[in-house]
Amino acid sequence: MQFTAMRRLTAATDRRVEEHAKLAAELADAGRYVEAERQRAAVRRLVRQNLEVSPPDPLLLNDYGVALAEVGELDRAIDCLERAHAVTPRDPTVLFNLATALWRRGHCSDARRAAARARLLAPDDTEIRSLVNRIQGTLSVYEPDFRFSTDAVPVTAARRLDLRSAEISPLHVLRASLPHVSAGYTFRSQELLEGQEAIGLRPLAVTAPLFPEDCFIDGGQPLDVEDVEGVRYHRLRIPGGFVADPSANSHFKAEFYREEIRQPLAEYLSQYADELSRLCDRLGPHILHSHSDPKNGLAAGAVASARGIPHVYEVRYFREDASVARGKLPRHADRYRLERELESRCCREADAVVTLSQIMRDELVSRGVQADKIFLVPNGANVERFPFTKQRCRGLEKRLGLGSGPVVGYIGSLSTYEGVSDLLTSFRLIVDAIPTARLLIVGGERDAEEAYLTASDLGLGDSVVFAGVVDRSEILDYYSVIDVFVVPRPPVRVCKMVTPLKLYEAMATGRAVVVSDVPALQEMITEGETAVSFEAGRPDSLAAVCLDLLGDPEGRSELGAKAASWVRQHRDWTTVARGYLDAYEYAFQARERRAVRASESTTVTLAAGQRG
């Protein structure tokens, strides 16, 4: 049993609270977000009413803490569980739940202390013992001197190679891939692999252990290799890792449900590195090129070091800042600091670092990463997949019920930090001015709930069309029906630094693009030439800019045409992929210098031994 399943004291459980919490989860899984929120509100209301009873029953406090945690109210859950612990300080179940809730909220040190107290009280409890071991085995990775060994065998692939003539094989170590996850991360991976192939490299790709979760084919056998539009993705498997729930040992899932500990992270990384090393034995890559997050970087770095080949680490985003922006992690939580330092350590230890923007590069330099080993490879667009188009897909317009328009559009993730709620609020002003206007939102899955709730609260009704997740082969049709494409990112830290992929795709198709004025987006455009900006976090400013463009068809057309031309000249993936060559050359030279220093150190040690 996974220890993250919090314990109830069933004799004291308020069944109404339990039933509302369970129903909320079921409705959310079914995409019925408004109804799910009503159930969560019922949980909050019942808990608040019942806690007005004095003195509070510690058993009920425990169960209310569990229910609140189940509906995402972690701060209130921690408060209930701390109150229960104050009344019954020797109850290990309450401490178990308190430790779990603290961990989920990012308070790692407090979670470790609560778990340790629970173990003292119940030394034979297997779930509590598992909790302690998993917390300790995970936090050990964040220690500055953390190292783990692998069974990698040294090879001679680090010899000097002419990157512009030899067929170099970088092995890309990825968190996820198409077709199982459709997001900017996986689209960039697919495009850069295709781009590297186009310029003469021989890229290879592998995903983290036990990805995807639905990794079984007919007969119950796991996938080893999967072909996606001509790109082969190898799938790592941890021996013995296939249990009833394949995600039970996966740290991939923790990227989406960050509070979960599936197994001690140190143990996972050791297994990850061993399996990656075995794959390298078969494929013989010249370079290991890992991509966010740091777990990939740590495993790949250990294997590259053992094999004597270069390691390039690519920073796609800052995970801790994304979690803060989504409301999943307080900035003062110690997990924020730990994850920030882990990312920085991966960069410092890599032979070369790639990132997406100048502002991300500046951030890494401020963390102590050597400036001359950081290379910029920005996002791009596949101009064949996203051609300039003025022809609207009339069939799609009719099917979606877009009417006479005009259409404001957004295609991408619905994560909280994307600013879709600001876009919806601004559209309330737009539709008041242009009653026939429609807002088309393409995307879904993680964090879609807030967008649905905001649209409902604003009373936007049929003027907003949620198209959900769309197959990649159809996405051009959706771009074609959009008059003004918006990237509404708010002025939060992650949005100020990380550049999105969707902006260049929209520009390539000739859409008139509106972006917020956060630094990362401003780095991607030429104001008034390839896009126009609004004041980030100001829905009224966004509405005003959109209304100006919606009232100026010729201006929209000119803006879109200039943007499409610029992307074709500067951001086609075949052009962008060449940026990796400099990073790879630097990494080869850095690895050679390391080898020379190691040889000199060995010679000095041997000479000293002979003198002795």
# chains A, B, ... in the order shown; residues from 1 in each chain; ligands from 1
>>> closest_atom_pairs(of="region 355-418 of chain A", to="region 489-513 of chain A", cutoff="9 Å", atoms="only C-alpha atoms", output="CSV")
residue,atom,partner,partner_atom,distance
A:Leu356,CA,A:Thr499,CA,6.8
A:Ser357,CA,A:Thr499,CA,6.8
A:Gln358,CA,A:Met497,CA,8.6
A:Ile359,CA,A:Met497,CA,5.7
A:Met360,CA,A:Met497,CA,5.6
A:Glu363,CA,A:Met497,CA,8.3
A:Pro378,CA,A:Thr499,CA,8.1
A:Asn379,CA,A:Leu501,CA,5.7
A:Gly380,CA,A:Tyr504,CA,6.0
A:Ala381,CA,A:Glu505,CA,5.3
A:Asn382,CA,A:Glu505,CA,7.6
A:Val383,CA,A:Ala508,CA,6.4
A:Phe386,CA,A:Thr509,CA,5.6
A:Pro387,CA,A:Thr509,CA,5.2
A:Phe388,CA,A:Thr509,CA,4.0
A:Thr389,CA,A:Thr509,CA,5.6
A:Lys390,CA,A:Gly510,CA,7.5
A:Ile411,CA,A:Lys502,CA,7.2
A:Gly412,CA,A:Lys502,CA,6.8
A:Tyr417,CA,A:Arg489,CA,6.5
A:Glu418,CA,A:Arg489,CA,4.8
>>> residues_around(residues="Tyr584 (chain A)", least_positions_apart="4", cutoff="12 Å", atoms="only C-alpha atoms", output="PyMOL selection string")
chain A and resi 158+160-164+168-171+201+286-289+309-314+350-354+373-375+577-580+588-591
>>> residues_around(residues="Asp477 (chain A)", least_positions_apart="2", cutoff="9 Å", atoms="only C-alpha atoms", output="PDB file with C-alpha atoms, in the first residue's frame")
ATOM      1  CA  ARG A 392     -10.357  29.349 -42.945  1.00  0.00           C
ATOM      2  CA  CYS A 393     -11.623  25.831 -42.289  1.00  0.00           C
ATOM      3  CA  LEU A 396     -14.618  23.433 -38.347  1.00  0.00           C
ATOM      4  CA  SER A 473      -2.719  16.553 -37.196  1.00  0.00           C
ATOM      5  CA  GLU A 474      -5.781  18.819 -36.908  1.00  0.00           C
ATOM      6  CA  ILE A 475      -4.261  21.788 -35.108  1.00  0.00           C
ATOM      7  CA  TYR A 479      -5.320  28.127 -36.078  1.00  0.00           C
ATOM      8  CA  SER A 480      -7.040  28.947 -39.375  1.00  0.00           C
ATOM      9  CA  VAL A 481     -10.309  30.016 -37.732  1.00  0.00           C
TER      10      VAL A 481
END
>>> closest_residue(among="A:Trp566, A:Val442, A:Asp517, A:Asp582", to="Asp471 (chain A)", atoms="only C-alpha atoms")
A:Val442
>>> closest_residue(among="A:Arg594, A:Arg104, A:His172, A:Arg113", to="Ser305 (chain A)", atoms="only C-alpha atoms")
A:Arg594
>>> atom_distance(atom1="CA of Ala176 (chain A)", atom2="CA of Val487 (chain A)")
23.9 Å
>>> atom_distance(atom1="CA of Glu558 (chain A)", atom2="CA of Glu397 (chain A)")
23.0 Å
>>> select_by_dssp(residues="region 11-231 of chain A", states="strand (DSSP E)", output="list in words")
Pro170, Leu171, His172, Val173, Leu174, Leu204, Ala205, Val206, Thr207, Val225, Glu226, Asp227, Val228 and Val231 of chain A
